[in-house]
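This is work.txt. It holds compact mmCIF, N, CA and C atoms and all ligand atoms.
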```
# COMPACT_ATOMS: atom_id res chain seq x y z
N MET A 1 -49.05 -137.43 191.15
CA MET A 1 -49.75 -136.84 190.02
C MET A 1 -50.31 -137.94 189.12
N ALA A 2 -51.54 -137.72 188.67
CA ALA A 2 -52.18 -138.75 187.86
C ALA A 2 -51.54 -138.82 186.48
N ILE A 3 -51.53 -140.01 185.93
CA ILE A 3 -51.05 -140.25 184.57
C ILE A 3 -52.27 -140.18 183.65
N SER A 4 -52.11 -139.53 182.51
CA SER A 4 -53.23 -139.46 181.58
C SER A 4 -52.85 -140.05 180.23
N GLY A 5 -53.88 -140.38 179.46
CA GLY A 5 -53.64 -140.92 178.14
C GLY A 5 -54.84 -140.66 177.26
N GLU A 6 -54.61 -140.72 175.96
CA GLU A 6 -55.72 -140.54 175.01
C GLU A 6 -55.38 -141.21 173.69
N CYS A 7 -56.42 -141.40 172.88
CA CYS A 7 -56.24 -142.02 171.56
C CYS A 7 -55.79 -140.98 170.54
N PHE A 8 -55.55 -141.43 169.33
CA PHE A 8 -55.05 -140.57 168.25
C PHE A 8 -56.01 -139.43 167.94
N CYS A 9 -57.32 -139.71 167.87
CA CYS A 9 -58.28 -138.65 167.54
C CYS A 9 -58.63 -137.80 168.75
N GLY A 10 -58.28 -138.25 169.94
CA GLY A 10 -58.50 -137.46 171.14
C GLY A 10 -59.89 -137.55 171.76
N LYS A 11 -60.76 -138.36 171.15
CA LYS A 11 -62.13 -138.45 171.67
C LYS A 11 -62.21 -139.30 172.95
N ILE A 12 -61.25 -140.20 173.11
CA ILE A 12 -61.24 -141.03 174.31
C ILE A 12 -60.03 -140.65 175.15
N SER A 13 -60.27 -140.42 176.44
CA SER A 13 -59.14 -140.14 177.33
C SER A 13 -59.36 -140.83 178.67
N TYR A 14 -58.25 -141.03 179.38
CA TYR A 14 -58.32 -141.72 180.67
C TYR A 14 -57.32 -141.12 181.65
N ARG A 15 -57.46 -141.55 182.88
CA ARG A 15 -56.55 -141.13 183.93
C ARG A 15 -56.20 -142.35 184.77
N VAL A 16 -54.96 -142.41 185.22
CA VAL A 16 -54.54 -143.48 186.13
C VAL A 16 -54.12 -142.81 187.43
N ASN A 17 -54.85 -143.09 188.48
CA ASN A 17 -54.58 -142.48 189.79
C ASN A 17 -53.61 -143.35 190.58
N GLY A 18 -52.43 -143.49 190.03
CA GLY A 18 -51.43 -144.34 190.65
C GLY A 18 -50.28 -144.51 189.69
N LYS A 19 -49.41 -145.46 190.01
CA LYS A 19 -48.23 -145.69 189.18
C LYS A 19 -48.48 -146.80 188.18
N LEU A 20 -47.76 -146.73 187.07
CA LEU A 20 -47.72 -147.87 186.15
C LEU A 20 -46.62 -148.80 186.64
N HIS A 21 -46.75 -150.08 186.36
CA HIS A 21 -45.66 -151.00 186.71
C HIS A 21 -45.51 -152.10 185.66
N ASP A 22 -44.37 -152.77 185.72
CA ASP A 22 -44.02 -153.85 184.81
C ASP A 22 -44.15 -153.44 183.33
N ALA A 23 -43.49 -152.36 182.97
CA ALA A 23 -43.49 -151.94 181.56
C ALA A 23 -42.65 -152.91 180.75
N ARG A 24 -43.21 -153.40 179.66
CA ARG A 24 -42.47 -154.37 178.84
C ARG A 24 -42.87 -154.23 177.38
N SER A 25 -42.04 -154.83 176.56
CA SER A 25 -42.27 -154.83 175.13
C SER A 25 -42.17 -156.27 174.64
N CYS A 26 -43.24 -156.75 174.02
CA CYS A 26 -43.24 -158.14 173.54
C CYS A 26 -43.17 -158.14 172.02
N HIS A 27 -42.23 -158.92 171.50
CA HIS A 27 -41.95 -158.93 170.07
C HIS A 27 -42.57 -160.13 169.35
N CYS A 28 -43.48 -160.85 169.99
CA CYS A 28 -44.06 -162.04 169.36
C CYS A 28 -44.99 -161.65 168.22
N SER A 29 -45.31 -162.62 167.36
CA SER A 29 -46.10 -162.32 166.17
C SER A 29 -47.52 -161.87 166.52
N ARG A 30 -48.06 -162.36 167.63
CA ARG A 30 -49.40 -161.96 168.05
C ARG A 30 -49.42 -160.48 168.46
N CYS A 31 -48.42 -160.08 169.24
CA CYS A 31 -48.37 -158.68 169.68
C CYS A 31 -48.12 -157.74 168.52
N ARG A 32 -47.34 -158.19 167.52
CA ARG A 32 -47.13 -157.33 166.35
C ARG A 32 -48.45 -156.99 165.69
N LYS A 33 -49.30 -158.00 165.55
CA LYS A 33 -50.62 -157.76 164.93
C LYS A 33 -51.49 -156.91 165.84
N ALA A 34 -51.54 -157.27 167.11
CA ALA A 34 -52.44 -156.58 168.04
C ALA A 34 -52.09 -155.10 168.17
N PHE A 35 -50.79 -154.79 168.10
CA PHE A 35 -50.35 -153.41 168.30
C PHE A 35 -49.99 -152.73 166.97
N SER A 36 -50.17 -153.45 165.85
CA SER A 36 -49.84 -152.92 164.51
C SER A 36 -48.45 -152.30 164.49
N SER A 37 -47.50 -153.00 165.10
CA SER A 37 -46.19 -152.39 165.31
C SER A 37 -45.13 -153.49 165.40
N GLN A 38 -43.87 -153.09 165.62
CA GLN A 38 -42.82 -154.10 165.72
C GLN A 38 -42.91 -154.89 167.01
N ALA A 39 -43.61 -154.32 168.00
CA ALA A 39 -43.73 -154.97 169.31
C ALA A 39 -44.81 -154.26 170.11
N SER A 40 -45.20 -154.88 171.20
CA SER A 40 -46.10 -154.17 172.11
C SER A 40 -45.27 -153.26 173.00
N ALA A 41 -45.88 -152.24 173.55
CA ALA A 41 -45.28 -151.41 174.59
C ALA A 41 -46.40 -151.20 175.59
N TYR A 42 -46.27 -151.83 176.75
CA TYR A 42 -47.42 -152.02 177.63
C TYR A 42 -46.98 -151.99 179.08
N ALA A 43 -47.81 -151.41 179.93
CA ALA A 43 -47.52 -151.44 181.36
C ALA A 43 -48.81 -151.71 182.12
N GLU A 44 -48.67 -152.35 183.25
CA GLU A 44 -49.85 -152.70 184.04
C GLU A 44 -50.25 -151.56 184.99
N VAL A 45 -51.53 -151.56 185.32
CA VAL A 45 -52.04 -150.60 186.32
C VAL A 45 -52.54 -151.39 187.52
N ALA A 46 -52.50 -150.78 188.68
CA ALA A 46 -53.04 -151.44 189.88
C ALA A 46 -54.56 -151.40 189.79
N LEU A 47 -55.18 -152.46 190.23
CA LEU A 47 -56.63 -152.59 190.17
C LEU A 47 -57.29 -151.38 190.85
N GLY A 48 -58.26 -150.80 190.17
CA GLY A 48 -59.03 -149.70 190.75
C GLY A 48 -58.42 -148.32 190.57
N THR A 49 -57.26 -148.23 189.91
CA THR A 49 -56.62 -146.92 189.74
C THR A 49 -56.93 -146.28 188.40
N PHE A 50 -57.54 -147.04 187.50
CA PHE A 50 -57.79 -146.55 186.15
C PHE A 50 -59.21 -146.02 186.02
N GLU A 51 -59.36 -144.87 185.37
CA GLU A 51 -60.73 -144.40 185.08
C GLU A 51 -60.79 -143.70 183.72
N TRP A 52 -61.89 -143.91 183.03
CA TRP A 52 -62.11 -143.22 181.76
C TRP A 52 -62.53 -141.81 182.07
N VAL A 53 -62.01 -140.85 181.31
CA VAL A 53 -62.37 -139.45 181.50
C VAL A 53 -63.39 -139.02 180.44
N ALA A 54 -63.21 -139.48 179.21
CA ALA A 54 -64.13 -139.13 178.13
C ALA A 54 -64.14 -140.23 177.08
N GLY A 55 -65.26 -140.35 176.41
CA GLY A 55 -65.35 -141.19 175.22
C GLY A 55 -65.47 -142.68 175.47
N GLU A 56 -65.76 -143.09 176.68
CA GLU A 56 -65.81 -144.53 176.96
C GLU A 56 -66.80 -145.26 176.04
N ASP A 57 -67.86 -144.55 175.64
CA ASP A 57 -68.87 -145.16 174.76
C ASP A 57 -68.33 -145.43 173.35
N LEU A 58 -67.18 -144.86 173.02
CA LEU A 58 -66.60 -145.09 171.69
C LEU A 58 -65.66 -146.29 171.66
N LEU A 59 -65.45 -146.92 172.82
CA LEU A 59 -64.53 -148.05 172.89
C LEU A 59 -65.12 -149.29 172.23
N THR A 60 -64.27 -150.03 171.59
CA THR A 60 -64.63 -151.36 171.10
C THR A 60 -63.70 -152.35 171.79
N THR A 61 -64.25 -153.49 172.16
CA THR A 61 -63.46 -154.50 172.86
C THR A 61 -63.22 -155.71 171.97
N TYR A 62 -61.98 -156.15 171.95
CA TYR A 62 -61.67 -157.41 171.26
C TYR A 62 -61.11 -158.37 172.30
N GLU A 63 -61.85 -159.42 172.58
CA GLU A 63 -61.35 -160.42 173.52
C GLU A 63 -60.58 -161.46 172.76
N SER A 64 -59.33 -161.66 173.16
CA SER A 64 -58.49 -162.55 172.36
C SER A 64 -58.47 -163.97 172.92
N HIS A 65 -58.07 -164.14 174.16
CA HIS A 65 -57.98 -165.52 174.68
C HIS A 65 -57.95 -165.51 176.21
N ASP A 66 -58.47 -166.50 176.82
CA ASP A 66 -58.39 -166.69 178.28
C ASP A 66 -58.81 -165.47 179.09
N GLY A 67 -59.78 -164.72 178.59
CA GLY A 67 -60.24 -163.57 179.36
C GLY A 67 -59.47 -162.29 179.09
N PHE A 68 -58.34 -162.40 178.36
CA PHE A 68 -57.57 -161.22 178.01
C PHE A 68 -58.15 -160.55 176.77
N GLY A 69 -58.09 -159.25 176.73
CA GLY A 69 -58.57 -158.54 175.56
C GLY A 69 -57.96 -157.16 175.46
N LEU A 70 -58.29 -156.49 174.38
CA LEU A 70 -57.81 -155.14 174.15
C LEU A 70 -59.00 -154.24 173.87
N GLN A 71 -58.86 -152.98 174.25
CA GLN A 71 -59.92 -152.02 173.95
C GLN A 71 -59.33 -150.91 173.11
N PHE A 72 -60.04 -150.56 172.06
CA PHE A 72 -59.51 -149.56 171.14
C PHE A 72 -60.60 -148.58 170.72
N CYS A 73 -60.16 -147.44 170.16
CA CYS A 73 -61.09 -146.39 169.73
C CYS A 73 -61.74 -146.80 168.43
N SER A 74 -63.07 -146.77 168.39
CA SER A 74 -63.79 -147.19 167.19
C SER A 74 -63.70 -146.13 166.08
N LEU A 75 -63.22 -144.93 166.41
CA LEU A 75 -63.08 -143.89 165.39
C LEU A 75 -61.69 -143.89 164.76
N CYS A 76 -60.64 -143.91 165.58
CA CYS A 76 -59.28 -143.75 165.03
C CYS A 76 -58.45 -145.03 165.12
N GLY A 77 -58.90 -146.01 165.88
CA GLY A 77 -58.19 -147.29 165.90
C GLY A 77 -57.08 -147.43 166.92
N SER A 78 -56.78 -146.39 167.68
CA SER A 78 -55.75 -146.53 168.71
C SER A 78 -56.14 -147.61 169.72
N THR A 79 -55.19 -148.45 170.05
CA THR A 79 -55.41 -149.42 171.12
C THR A 79 -55.00 -148.75 172.43
N LEU A 80 -55.94 -148.67 173.36
CA LEU A 80 -55.71 -147.89 174.57
C LEU A 80 -55.33 -148.73 175.78
N CYS A 81 -55.96 -149.88 175.92
CA CYS A 81 -55.71 -150.63 177.15
C CYS A 81 -55.94 -152.12 176.95
N GLY A 82 -55.41 -152.87 177.90
CA GLY A 82 -55.65 -154.29 177.95
C GLY A 82 -56.62 -154.59 179.07
N ILE A 83 -57.48 -155.58 178.87
CA ILE A 83 -58.41 -155.95 179.92
C ILE A 83 -58.23 -157.43 180.28
N TYR A 84 -58.55 -157.74 181.51
CA TYR A 84 -58.56 -159.13 181.93
C TYR A 84 -59.85 -159.39 182.68
N LYS A 85 -60.65 -160.27 182.15
CA LYS A 85 -61.96 -160.60 182.74
C LYS A 85 -62.77 -159.36 183.10
N GLY A 86 -62.77 -158.40 182.17
CA GLY A 86 -63.61 -157.21 182.34
C GLY A 86 -62.96 -156.05 183.07
N ASP A 87 -61.84 -156.28 183.77
CA ASP A 87 -61.15 -155.19 184.47
C ASP A 87 -60.01 -154.65 183.62
N ILE A 88 -59.70 -153.37 183.79
CA ILE A 88 -58.55 -152.80 183.10
C ILE A 88 -57.28 -153.41 183.70
N HIS A 89 -56.48 -154.01 182.86
CA HIS A 89 -55.27 -154.72 183.29
C HIS A 89 -54.03 -153.84 183.11
N GLY A 90 -54.00 -153.08 182.01
CA GLY A 90 -52.84 -152.23 181.74
C GLY A 90 -53.11 -151.31 180.57
N VAL A 91 -52.14 -150.44 180.30
CA VAL A 91 -52.31 -149.47 179.22
C VAL A 91 -51.20 -149.64 178.18
N THR A 92 -51.53 -149.26 176.95
CA THR A 92 -50.52 -149.25 175.90
C THR A 92 -49.71 -147.96 176.08
N LEU A 93 -48.40 -148.09 176.11
CA LEU A 93 -47.57 -146.92 176.41
C LEU A 93 -47.65 -145.85 175.33
N GLY A 94 -47.96 -146.27 174.10
CA GLY A 94 -48.06 -145.30 173.00
C GLY A 94 -49.15 -144.26 173.19
N CYS A 95 -50.17 -144.57 173.96
CA CYS A 95 -51.29 -143.63 174.16
C CYS A 95 -51.15 -142.82 175.45
N VAL A 96 -50.08 -143.07 176.21
CA VAL A 96 -49.87 -142.31 177.45
C VAL A 96 -49.33 -140.93 177.08
N ASN A 97 -49.83 -139.90 177.74
CA ASN A 97 -49.34 -138.53 177.52
C ASN A 97 -48.10 -138.28 178.38
N GLY A 98 -47.11 -137.64 177.81
CA GLY A 98 -45.95 -137.21 178.58
C GLY A 98 -45.14 -138.36 179.14
N ASP A 99 -44.50 -138.09 180.26
CA ASP A 99 -43.60 -139.06 180.89
C ASP A 99 -44.31 -139.72 182.07
N PRO A 100 -44.62 -141.00 181.94
CA PRO A 100 -45.32 -141.67 183.04
C PRO A 100 -44.38 -142.12 184.16
N GLY A 101 -43.11 -141.80 184.06
CA GLY A 101 -42.17 -142.13 185.13
C GLY A 101 -41.79 -143.59 185.17
N ILE A 102 -41.82 -144.23 184.01
CA ILE A 102 -41.47 -145.64 183.95
C ILE A 102 -40.80 -145.89 182.60
N GLU A 103 -39.87 -146.84 182.59
CA GLU A 103 -39.23 -147.22 181.32
C GLU A 103 -39.46 -148.69 181.06
N ILE A 104 -39.40 -149.08 179.80
CA ILE A 104 -39.53 -150.49 179.46
C ILE A 104 -38.35 -151.24 180.05
N ALA A 105 -38.67 -152.20 180.91
CA ALA A 105 -37.62 -152.90 181.65
C ALA A 105 -37.15 -154.16 180.95
N ARG A 106 -37.97 -154.70 180.08
CA ARG A 106 -37.56 -155.95 179.41
C ARG A 106 -38.26 -156.11 178.07
N HIS A 107 -37.50 -156.68 177.15
CA HIS A 107 -38.03 -157.02 175.82
C HIS A 107 -38.16 -158.53 175.77
N ILE A 108 -39.36 -159.02 175.53
CA ILE A 108 -39.58 -160.46 175.56
C ILE A 108 -39.97 -161.01 174.19
N PHE A 109 -39.77 -162.30 174.04
CA PHE A 109 -40.02 -163.02 172.78
C PHE A 109 -39.26 -162.38 171.60
N VAL A 110 -38.03 -161.95 171.91
CA VAL A 110 -37.19 -161.37 170.86
C VAL A 110 -36.79 -162.45 169.85
N GLY A 111 -36.83 -163.71 170.29
CA GLY A 111 -36.52 -164.83 169.40
C GLY A 111 -37.50 -164.95 168.23
N SER A 112 -38.68 -164.36 168.37
CA SER A 112 -39.64 -164.42 167.26
C SER A 112 -39.97 -163.04 166.71
N LYS A 113 -39.03 -162.13 166.87
CA LYS A 113 -39.24 -160.78 166.35
C LYS A 113 -39.32 -160.79 164.82
N ALA A 114 -39.86 -159.71 164.26
CA ALA A 114 -39.95 -159.58 162.80
C ALA A 114 -38.56 -159.52 162.19
N ALA A 115 -38.43 -160.09 160.96
CA ALA A 115 -37.14 -160.11 160.28
C ALA A 115 -36.61 -158.70 160.05
N TRP A 116 -37.50 -157.74 159.92
CA TRP A 116 -37.10 -156.38 159.58
C TRP A 116 -36.80 -155.52 160.80
N GLU A 117 -37.00 -156.06 161.98
CA GLU A 117 -36.75 -155.25 163.17
C GLU A 117 -35.29 -155.35 163.61
N VAL A 118 -34.69 -154.22 163.88
CA VAL A 118 -33.33 -154.17 164.42
C VAL A 118 -33.45 -153.78 165.89
N MET A 119 -32.97 -154.67 166.78
CA MET A 119 -33.07 -154.38 168.21
C MET A 119 -32.03 -153.34 168.60
N PRO A 120 -32.41 -152.36 169.43
CA PRO A 120 -31.41 -151.42 169.93
C PRO A 120 -30.42 -152.13 170.84
N GLU A 121 -29.20 -151.63 170.88
CA GLU A 121 -28.19 -152.23 171.75
C GLU A 121 -28.45 -151.88 173.20
N GLY A 122 -28.11 -152.79 174.06
CA GLY A 122 -28.13 -152.48 175.50
C GLY A 122 -29.45 -152.74 176.20
N VAL A 123 -30.49 -153.14 175.46
CA VAL A 123 -31.76 -153.41 176.15
C VAL A 123 -31.72 -154.83 176.74
N ILE A 124 -32.52 -155.03 177.78
CA ILE A 124 -32.61 -156.35 178.41
C ILE A 124 -33.59 -157.17 177.60
N GLU A 125 -33.08 -158.24 176.97
CA GLU A 125 -33.96 -159.02 176.11
C GLU A 125 -33.94 -160.50 176.44
N PHE A 126 -35.07 -161.14 176.13
CA PHE A 126 -35.24 -162.56 176.36
C PHE A 126 -35.72 -163.21 175.07
N GLU A 127 -35.17 -164.39 174.77
CA GLU A 127 -35.60 -165.11 173.57
C GLU A 127 -37.08 -165.41 173.61
N GLN A 128 -37.55 -165.83 174.81
CA GLN A 128 -38.97 -166.07 175.01
C GLN A 128 -39.45 -165.19 176.17
N GLY A 129 -40.27 -165.75 177.03
CA GLY A 129 -40.71 -164.98 178.19
C GLY A 129 -39.56 -164.84 179.17
N PRO A 130 -39.70 -163.96 180.15
CA PRO A 130 -38.64 -163.83 181.16
C PRO A 130 -38.64 -165.07 182.06
N PRO A 131 -37.51 -165.42 182.65
CA PRO A 131 -37.48 -166.55 183.57
C PRO A 131 -38.38 -166.26 184.77
N GLU A 132 -39.06 -167.30 185.24
CA GLU A 132 -40.01 -167.09 186.37
C GLU A 132 -39.25 -166.84 187.67
ZN ZN B 1 -59.78 -142.11 168.79
ZN ZN B 2 -46.48 -160.99 172.61
```
What's the structure tokens form of this structure?
Ligand SMILES: [Zn+2]
Ligand SMILES: [Zn+2]
Amino acid sequence: MAISGECFCGKISYRVNGKLHDARSCHCSRCRKAFSSQASAYAEVALGTFEWVAGEDLLTTYESHDGFGLQFCSLCGSTLCGIYKGDIHGVTLGCVNGDPGIEIARHIFVGSKAAWEVMPEGVIEFEQGPPE
């Protein structure tokens, strides 16, 4: 079954014809700003499985570094997906509808988390990135 997602105002929606993988949450200062939150919540999609269903013309792209970027709704501001060199790389879990059948497997860069964030007990966390 396809996974679907949409922004806060609902004008932009997408479908993923496949599974999400490598769900993670990054607590670094850059991700806090990019996701306007205590951390990112993000999972990758397999190349070619992602398609926009509606509102693609309302997307705004912010390219951050090394070909990576984020795309968000120009009306409501929801960040919907990450791109790498023009291809959809992954989706923000906050905009996914329902249960995508995946859980966040690791919390990274917890060593630089916000002072006000309290980490839940029992999650798999790394001070920096995960070991290679
Ligand atoms: Zn929107
Ligand atoms: Zn980060």
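You will find atom N of Gly101 of chain A at 20.3 Å from atom CA of Gly122 of chain A.
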Exercise. Grab me every residue within 6.5 Å of ligand ZN 1 (chain B), counting only N, CA and C atoms and all ligand atoms, and send it over as a PyMOL selection string.
Key: chain A and resi 7-12+73-78
Restrict the selected residues to N, CA and C atoms and save them as a PDB file, in the frame of the given file.
```pdb
ATOM      1  N   CYS A   7     -56.420-141.400 172.880  1.00  0.00           N
ATOM      2  CA  CYS A   7     -56.240-142.020 171.560  1.00  0.00           C
ATOM      3  C   CYS A   7     -55.790-140.980 170.540  1.00  0.00           C
ATOM      4  N   PHE A   8     -55.550-141.430 169.330  1.00  0.00           N
ATOM      5  CA  PHE A   8     -55.050-140.570 168.250  1.00  0.00           C
ATOM      6  C   PHE A   8     -56.010-139.430 167.940  1.00  0.00           C
ATOM      7  N   CYS A   9     -57.320-139.710 167.870  1.00  0.00           N
ATOM      8  CA  CYS A   9     -58.280-138.650 167.540  1.00  0.00           C
ATOM      9  C   CYS A   9     -58.630-137.800 168.750  1.00  0.00           C
ATOM     10  N   GLY A  10     -58.280-138.250 169.940  1.00  0.00           N
ATOM     11  CA  GLY A  10     -58.500-137.460 171.140  1.00  0.00           C
ATOM     12  C   GLY A  10     -59.890-137.550 171.760  1.00  0.00           C
ATOM     13  N   LYS A  11     -60.760-138.360 171.150  1.00  0.00           N
ATOM     14  CA  LYS A  11     -62.130-138.450 171.670  1.00  0.00           C
ATOM     15  C   LYS A  11     -62.210-139.300 172.950  1.00  0.00           C
ATOM     16  N   ILE A  12     -61.250-140.200 173.110  1.00  0.00           N
ATOM     17  CA  ILE A  12     -61.240-141.030 174.310  1.00  0.00           C
ATOM     18  C   ILE A  12     -60.030-140.650 175.150  1.00  0.00           C
ATOM     19  N   CYS A  73     -60.160-147.440 170.160  1.00  0.00           N
ATOM     20  CA  CYS A  73     -61.090-146.390 169.730  1.00  0.00           C
ATOM     21  C   CYS A  73     -61.740-146.800 168.430  1.00  0.00           C
ATOM     22  N   SER A  74     -63.070-146.770 168.390  1.00  0.00           N
ATOM     23  CA  SER A  74     -63.790-147.190 167.190  1.00  0.00           C
ATOM     24  C   SER A  74     -63.700-146.130 166.080  1.00  0.00           C
ATOM     25  N   LEU A  75     -63.220-144.930 166.410  1.00  0.00           N
ATOM     26  CA  LEU A  75     -63.080-143.890 165.390  1.00  0.00           C
ATOM     27  C   LEU A  75     -61.690-143.890 164.760  1.00  0.00           C
ATOM     28  N   CYS A  76     -60.640-143.910 165.580  1.00  0.00           N
ATOM     29  CA  CYS A  76     -59.280-143.750 165.030  1.00  0.00           C
ATOM     30  C   CYS A  76     -58.450-145.030 165.120  1.00  0.00           C
ATOM     31  N   GLY A  77     -58.900-146.010 165.880  1.00  0.00           N
ATOM     32  CA  GLY A  77     -58.190-147.290 165.900  1.00  0.00           C
ATOM     33  C   GLY A  77     -57.080-147.430 166.920  1.00  0.00           C
ATOM     34  N   SER A  78     -56.780-146.390 167.680  1.00  0.00           N
ATOM     35  CA  SER A  78     -55.750-146.530 168.710  1.00  0.00           C
ATOM     36  C   SER A  78     -56.140-147.610 169.720  1.00  0.00           C
TER      37      SER A  78
END
```
Quick one: contact table of chain A to ligand ZN 2 (chain B), 10 Å max, nearest atom pair and distance in Å to one decimal per residue, counting only C-alpha atoms and all ligand atoms, chain and number order, as JSON lines?
```
{"residue": "A:Arg24", "atom": "CA", "partner": "B:ZN2", "partner_atom": "ZN", "distance": 9.9}
{"residue": "A:Ser25", "atom": "CA", "partner": "B:ZN2", "partner_atom": "ZN", "distance": 7.9}
{"residue": "A:Cys26", "atom": "CA", "partner": "B:ZN2", "partner_atom": "ZN", "distance": 4.4}
{"residue": "A:His27", "atom": "CA", "partner": "B:ZN2", "partner_atom": "ZN", "distance": 5.6}
{"residue": "A:Cys28", "atom": "CA", "partner": "B:ZN2", "partner_atom": "ZN", "distance": 4.2}
{"residue": "A:Ser29", "atom": "CA", "partner": "B:ZN2", "partner_atom": "ZN", "distance": 6.6}
{"residue": "A:Arg30", "atom": "CA", "partner": "B:ZN2", "partner_atom": "ZN", "distance": 5.5}
{"residue": "A:Cys31", "atom": "CA", "partner": "B:ZN2", "partner_atom": "ZN", "distance": 4.2}
{"residue": "A:Arg32", "atom": "CA", "partner": "B:ZN2", "partner_atom": "ZN", "distance": 7.3}
{"residue": "A:Lys33", "atom": "CA", "partner": "B:ZN2", "partner_atom": "ZN", "distance": 9.3}
{"residue": "A:Ala34", "atom": "CA", "partner": "B:ZN2", "partner_atom": "ZN", "distance": 8.7}
{"residue": "A:Phe35", "atom": "CA", "partner": "B:ZN2", "partner_atom": "ZN", "distance": 9.5}
{"residue": "A:Ala39", "atom": "CA", "partner": "B:ZN2", "partner_atom": "ZN", "distance": 7.4}
{"residue": "A:Ser40", "atom": "CA", "partner": "B:ZN2", "partner_atom": "ZN", "distance": 6.8}
{"residue": "A:Ala41", "atom": "CA", "partner": "B:ZN2", "partner_atom": "ZN", "distance": 9.9}
{"residue": "A:His107", "atom": "CA", "partner": "B:ZN2", "partner_atom": "ZN", "distance": 9.9}
{"residue": "A:Ile108", "atom": "CA", "partner": "B:ZN2", "partner_atom": "ZN", "distance": 7.5}
{"residue": "A:Phe109", "atom": "CA", "partner": "B:ZN2", "partner_atom": "ZN", "distance": 6.8}
{"residue": "A:Val110", "atom": "CA", "partner": "B:ZN2", "partner_atom": "ZN", "distance": 9.5}
{"residue": "A:Ser112", "atom": "CA", "partner": "B:ZN2", "partner_atom": "ZN", "distance": 9.3}
{"residue": "A:Lys113", "atom": "CA", "partner": "B:ZN2", "partner_atom": "ZN", "distance": 9.6}
{"residue": "A:Gln128", "atom": "CA", "partner": "B:ZN2", "partner_atom": "ZN", "distance": 9.4}
{"residue": "A:Gly129", "atom": "CA", "partner": "B:ZN2", "partner_atom": "ZN", "distance": 9.0}
```
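Checking A:Glu132, A:Glu51, A:Glu6, A:Asp57 one by one against Asn97 of chain A, counting only N, CA and C atoms, you find the shortest gap at A:Glu6.
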Practice problem: Based on DSSP run over this structure's backbone, return all residues of segment 71-111 of chain A in helix (DSSP H, G or I), as a PyMOL selection string. | Solution: chain A and resi 93-95+110-111
